[in-house]
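Read through the structure below, which is laid out as C-alpha coordinates, and then see the notes.
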Amino acid sequence: MHPETPAESTPEPVHTNPRLTDAEAAAEARRIIAEAYRPVPQMPTAYRDPAPLPAYGPTPPVLQPDRRIVPAWAAGMAVAGIGVGATCVGIGCGIWLACQGFAAVTLTSVLFVTLPIAAVAAVAAAISSAIRSIKATHTTTHHHYAGPVRQENNTIAAPAYGLIARNRNELNR
(Lines give C-alpha, C1' and ligand atoms only; values in the text may rest on other atoms or scores of the structure.)
Protein backbone atom coordinates (compact mmCIF):
# COMPACT_ATOMS: atom_id res chain seq x y z
CA MET A 1 0.00 0.00 0.00
CA HIS A 2 1.27 3.45 -0.93
CA PRO A 3 1.58 5.98 1.83
CA GLU A 4 -0.47 8.61 -0.13
CA THR A 5 -3.41 6.29 -0.82
CA PRO A 6 -6.06 5.95 1.91
CA ALA A 7 -6.78 2.42 3.09
CA GLU A 8 -10.47 2.38 2.14
CA SER A 9 -9.78 3.04 -1.61
CA THR A 10 -7.18 0.29 -2.08
CA PRO A 11 -8.58 -2.49 -4.30
CA GLU A 12 -8.47 -5.99 -2.96
CA PRO A 13 -6.73 -8.68 -4.98
CA VAL A 14 -9.13 -10.59 -7.28
CA HIS A 15 -9.67 -14.16 -6.10
CA THR A 16 -12.51 -16.27 -7.50
CA ASN A 17 -12.02 -18.91 -4.87
CA PRO A 18 -9.68 -17.86 -2.04
CA ARG A 19 -9.38 -21.48 -0.83
CA LEU A 20 -7.46 -22.69 -3.95
CA THR A 21 -3.77 -23.17 -3.66
CA ASP A 22 -1.43 -21.93 -6.39
CA ALA A 23 -1.14 -25.42 -7.91
CA GLU A 24 -4.94 -25.87 -7.91
CA ALA A 25 -5.44 -22.42 -9.44
CA ALA A 26 -2.90 -23.20 -12.18
CA ALA A 27 -4.63 -26.53 -12.91
CA GLU A 28 -8.05 -24.80 -13.03
CA ALA A 29 -6.67 -22.14 -15.37
CA ARG A 30 -5.23 -24.84 -17.68
CA ARG A 31 -8.61 -26.63 -17.68
CA ILE A 32 -10.54 -23.42 -18.53
CA ILE A 33 -8.11 -22.51 -21.34
CA ALA A 34 -8.20 -26.04 -22.77
CA GLU A 35 -12.01 -26.03 -22.69
CA ALA A 36 -12.15 -22.62 -24.41
CA TYR A 37 -9.86 -23.71 -27.26
CA ARG A 38 -11.31 -27.21 -27.68
CA PRO A 39 -12.76 -27.65 -31.23
CA VAL A 40 -16.55 -27.77 -31.40
CA PRO A 41 -17.79 -31.13 -32.65
CA GLN A 42 -19.17 -30.69 -36.18
CA MET A 43 -22.59 -32.14 -36.97
CA PRO A 44 -23.27 -32.93 -40.63
CA THR A 45 -25.96 -30.72 -42.15
CA ALA A 46 -26.42 -32.69 -45.37
CA TYR A 47 -25.87 -36.21 -46.64
CA ARG A 48 -25.46 -37.31 -50.26
CA ASP A 49 -26.29 -40.94 -50.89
CA PRO A 50 -23.64 -42.29 -53.30
CA ALA A 51 -25.78 -45.30 -54.29
CA PRO A 52 -27.06 -45.09 -57.91
CA LEU A 53 -30.80 -44.68 -58.41
CA PRO A 54 -32.63 -47.75 -59.69
CA ALA A 55 -33.81 -47.76 -63.30
CA TYR A 56 -37.25 -49.01 -62.22
CA GLY A 57 -38.85 -50.00 -58.96
CA PRO A 58 -42.02 -51.24 -57.32
CA THR A 59 -43.82 -47.88 -57.60
CA PRO A 60 -46.35 -47.90 -60.45
CA PRO A 61 -46.51 -45.04 -62.94
CA VAL A 62 -48.97 -42.30 -62.04
CA LEU A 63 -51.28 -40.62 -64.52
CA GLN A 64 -50.38 -36.94 -64.75
CA PRO A 65 -53.20 -35.11 -66.48
CA ASP A 66 -52.44 -31.89 -68.29
CA ARG A 67 -54.45 -29.21 -66.47
CA ARG A 68 -53.34 -25.74 -67.38
CA ILE A 69 -54.49 -22.63 -65.60
CA VAL A 70 -55.26 -20.70 -68.79
CA PRO A 71 -57.17 -22.48 -71.56
CA ALA A 72 -55.44 -22.65 -74.91
CA TRP A 73 -58.18 -20.70 -76.67
CA ALA A 74 -57.83 -17.85 -74.16
CA ALA A 75 -54.07 -17.69 -74.67
CA GLY A 76 -54.64 -17.70 -78.45
CA MET A 77 -57.14 -14.87 -78.16
CA ALA A 78 -54.67 -12.86 -76.05
CA VAL A 79 -51.93 -13.30 -78.64
CA ALA A 80 -54.36 -12.44 -81.44
CA GLY A 81 -55.49 -9.33 -79.54
CA ILE A 82 -51.93 -8.16 -79.10
CA GLY A 83 -51.26 -8.76 -82.79
CA VAL A 84 -54.40 -6.89 -83.85
CA GLY A 85 -53.54 -3.98 -81.56
CA ALA A 86 -49.98 -3.75 -82.81
CA THR A 87 -51.17 -3.93 -86.43
CA CYS A 88 -53.74 -1.19 -85.91
CA VAL A 89 -51.23 1.06 -84.20
CA GLY A 90 -48.72 0.49 -87.00
CA ILE A 91 -51.24 1.14 -89.76
CA GLY A 92 -52.60 4.16 -87.93
CA CYS A 93 -49.13 5.64 -87.45
CA GLY A 94 -48.34 4.98 -91.10
CA ILE A 95 -51.49 6.73 -92.26
CA TRP A 96 -50.86 9.59 -89.84
CA LEU A 97 -47.31 10.04 -91.10
CA ALA A 98 -48.52 9.90 -94.72
CA CYS A 99 -51.11 12.57 -94.00
CA GLN A 100 -48.72 14.90 -92.14
CA GLY A 101 -48.61 17.24 -95.12
CA PHE A 102 -52.37 17.85 -95.11
CA ALA A 103 -53.44 20.51 -92.65
CA ALA A 104 -57.03 19.24 -92.42
CA VAL A 105 -56.02 15.76 -91.24
CA THR A 106 -56.05 15.29 -87.45
CA LEU A 107 -55.21 12.35 -85.27
CA THR A 108 -58.91 11.75 -84.65
CA SER A 109 -59.63 11.46 -88.36
CA VAL A 110 -56.73 9.01 -88.76
CA LEU A 111 -58.14 6.89 -85.95
CA PHE A 112 -61.55 6.85 -87.65
CA VAL A 113 -59.88 5.66 -90.86
CA THR A 114 -58.12 2.78 -89.06
CA LEU A 115 -61.23 1.72 -87.12
CA PRO A 116 -62.66 -0.46 -89.95
CA ILE A 117 -59.28 -2.20 -90.28
CA ALA A 118 -59.29 -3.02 -86.58
CA ALA A 119 -62.87 -4.31 -86.80
CA VAL A 120 -62.02 -6.65 -89.70
CA ALA A 121 -58.96 -7.94 -87.83
CA ALA A 122 -60.99 -8.55 -84.65
CA VAL A 123 -63.67 -10.47 -86.58
CA ALA A 124 -60.98 -12.59 -88.27
CA ALA A 125 -59.40 -13.39 -84.90
CA ALA A 126 -62.78 -14.35 -83.41
CA ILE A 127 -63.61 -16.63 -86.36
CA SER A 128 -60.21 -18.36 -86.23
CA SER A 129 -60.52 -18.81 -82.46
CA ALA A 130 -64.00 -20.35 -82.86
CA ILE A 131 -62.73 -22.74 -85.54
CA ARG A 132 -59.76 -23.72 -83.35
CA SER A 133 -62.00 -24.37 -80.31
CA ILE A 134 -64.36 -26.53 -82.41
CA LYS A 135 -61.40 -28.60 -83.62
CA ALA A 136 -60.05 -28.92 -80.06
CA THR A 137 -63.28 -30.46 -78.68
CA HIS A 138 -62.76 -33.71 -80.59
CA THR A 139 -59.33 -34.68 -79.33
CA THR A 140 -58.62 -38.20 -78.12
CA THR A 141 -55.80 -38.90 -75.72
CA HIS A 142 -54.17 -42.34 -75.69
CA HIS A 143 -51.99 -43.40 -72.75
CA HIS A 144 -49.57 -46.29 -73.31
CA TYR A 145 -48.10 -47.88 -70.19
CA ALA A 146 -45.57 -50.67 -69.82
CA GLY A 147 -45.88 -52.62 -66.58
CA PRO A 148 -48.52 -52.85 -63.88
CA VAL A 149 -50.72 -49.77 -63.64
CA ARG A 150 -53.16 -48.76 -60.92
CA GLN A 151 -55.57 -46.01 -61.77
CA GLU A 152 -57.45 -44.08 -59.08
CA ASN A 153 -60.24 -41.63 -59.74
CA ASN A 154 -60.65 -39.31 -56.77
CA THR A 155 -63.34 -36.70 -56.43
CA ILE A 156 -62.53 -33.69 -54.32
CA ALA A 157 -65.49 -31.70 -53.03
CA ALA A 158 -64.42 -28.14 -52.34
CA PRO A 159 -67.48 -26.07 -51.40
CA ALA A 160 -66.86 -22.36 -51.08
CA TYR A 161 -69.83 -20.18 -50.21
CA GLY A 162 -70.19 -16.58 -49.16
CA LEU A 163 -68.14 -13.44 -49.40
CA ILE A 164 -65.33 -14.79 -47.21
CA ALA A 165 -65.08 -18.47 -48.03
CA ARG A 166 -63.24 -21.14 -46.09
CA ASN A 167 -61.79 -23.93 -48.19
CA ARG A 168 -62.71 -27.37 -46.86
CA ASN A 169 -61.15 -29.94 -49.19
CA GLU A 170 -62.56 -33.39 -48.60
CA LEU A 171 -61.03 -36.40 -50.34
CA ASN A 172 -63.64 -39.15 -50.52
CA ARG A 173 -62.08 -42.56 -51.13
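FYI, nothing fancy with the C-alpha coordinates labels: chains A, B, ... in order, residues from 1 per chain, ligands from 1 as they appear.
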>> I need the alpha helix (DSSP H) residues of segment 74-162 of chain A per DSSP on the backbone, written as a PyMOL selection string.
In response: chain A and resi 74-98+107-136
Residues near segment 106-114 of chain A, anyone? I mean within 7 Å using only C-alpha atoms, not counting same-chain ones fewer than 4 positions away, as a PDB file with N, CA and C atoms, in the first residue's frame.
ATOM      1  N   CYS A  88     -52.951  -2.426 -85.794  1.00  0.00           N
ATOM      2  CA  CYS A  88     -53.743  -1.192 -85.911  1.00  0.00           C
ATOM      3  C   CYS A  88     -52.912   0.027 -85.568  1.00  0.00           C
ATOM      4  N   GLY A  92     -52.172   2.809 -88.284  1.00  0.00           N
ATOM      5  CA  GLY A  92     -52.601   4.156 -87.930  1.00  0.00           C
ATOM      6  C   GLY A  92     -51.453   5.147 -87.958  1.00  0.00           C
ATOM      7  N   ILE A  95     -50.539   5.803 -91.621  1.00  0.00           N
ATOM      8  CA  ILE A  95     -51.486   6.728 -92.257  1.00  0.00           C
ATOM      9  C   ILE A  95     -51.275   8.144 -91.719  1.00  0.00           C
ATOM     10  N   TRP A  96     -51.069   8.266 -90.442  1.00  0.00           N
ATOM     11  CA  TRP A  96     -50.856   9.589 -89.842  1.00  0.00           C
ATOM     12  C   TRP A  96     -49.600  10.251 -90.402  1.00  0.00           C
ATOM     13  N   ALA A 118     -59.316  -2.334 -87.872  1.00  0.00           N
ATOM     14  CA  ALA A 118     -59.292  -3.021 -86.585  1.00  0.00           C
ATOM     15  C   ALA A 118     -60.505  -3.924 -86.427  1.00  0.00           C
TER      16      ALA A 118
END
>> Using only C-alpha atoms for the distances, tell me which of A:Pro50, A:Pro116, A:Pro60, A:Pro41 is nearest to Tyr145 of chain A.
In response: A:Pro60
> Which residue gives the smallest distance to Ser133 of chain A among A:Ala74, A:Ile91, A:Ala25, A:Ile33, with only C-alpha atoms counted?
Replying inline: A:Ala74
>> Which residue is closest to Arg150 of chain A? Choose from A:Ala126, A:Leu63, A:Ala98, A:Ala27 and count only C-alpha atoms.
In response: A:Leu63
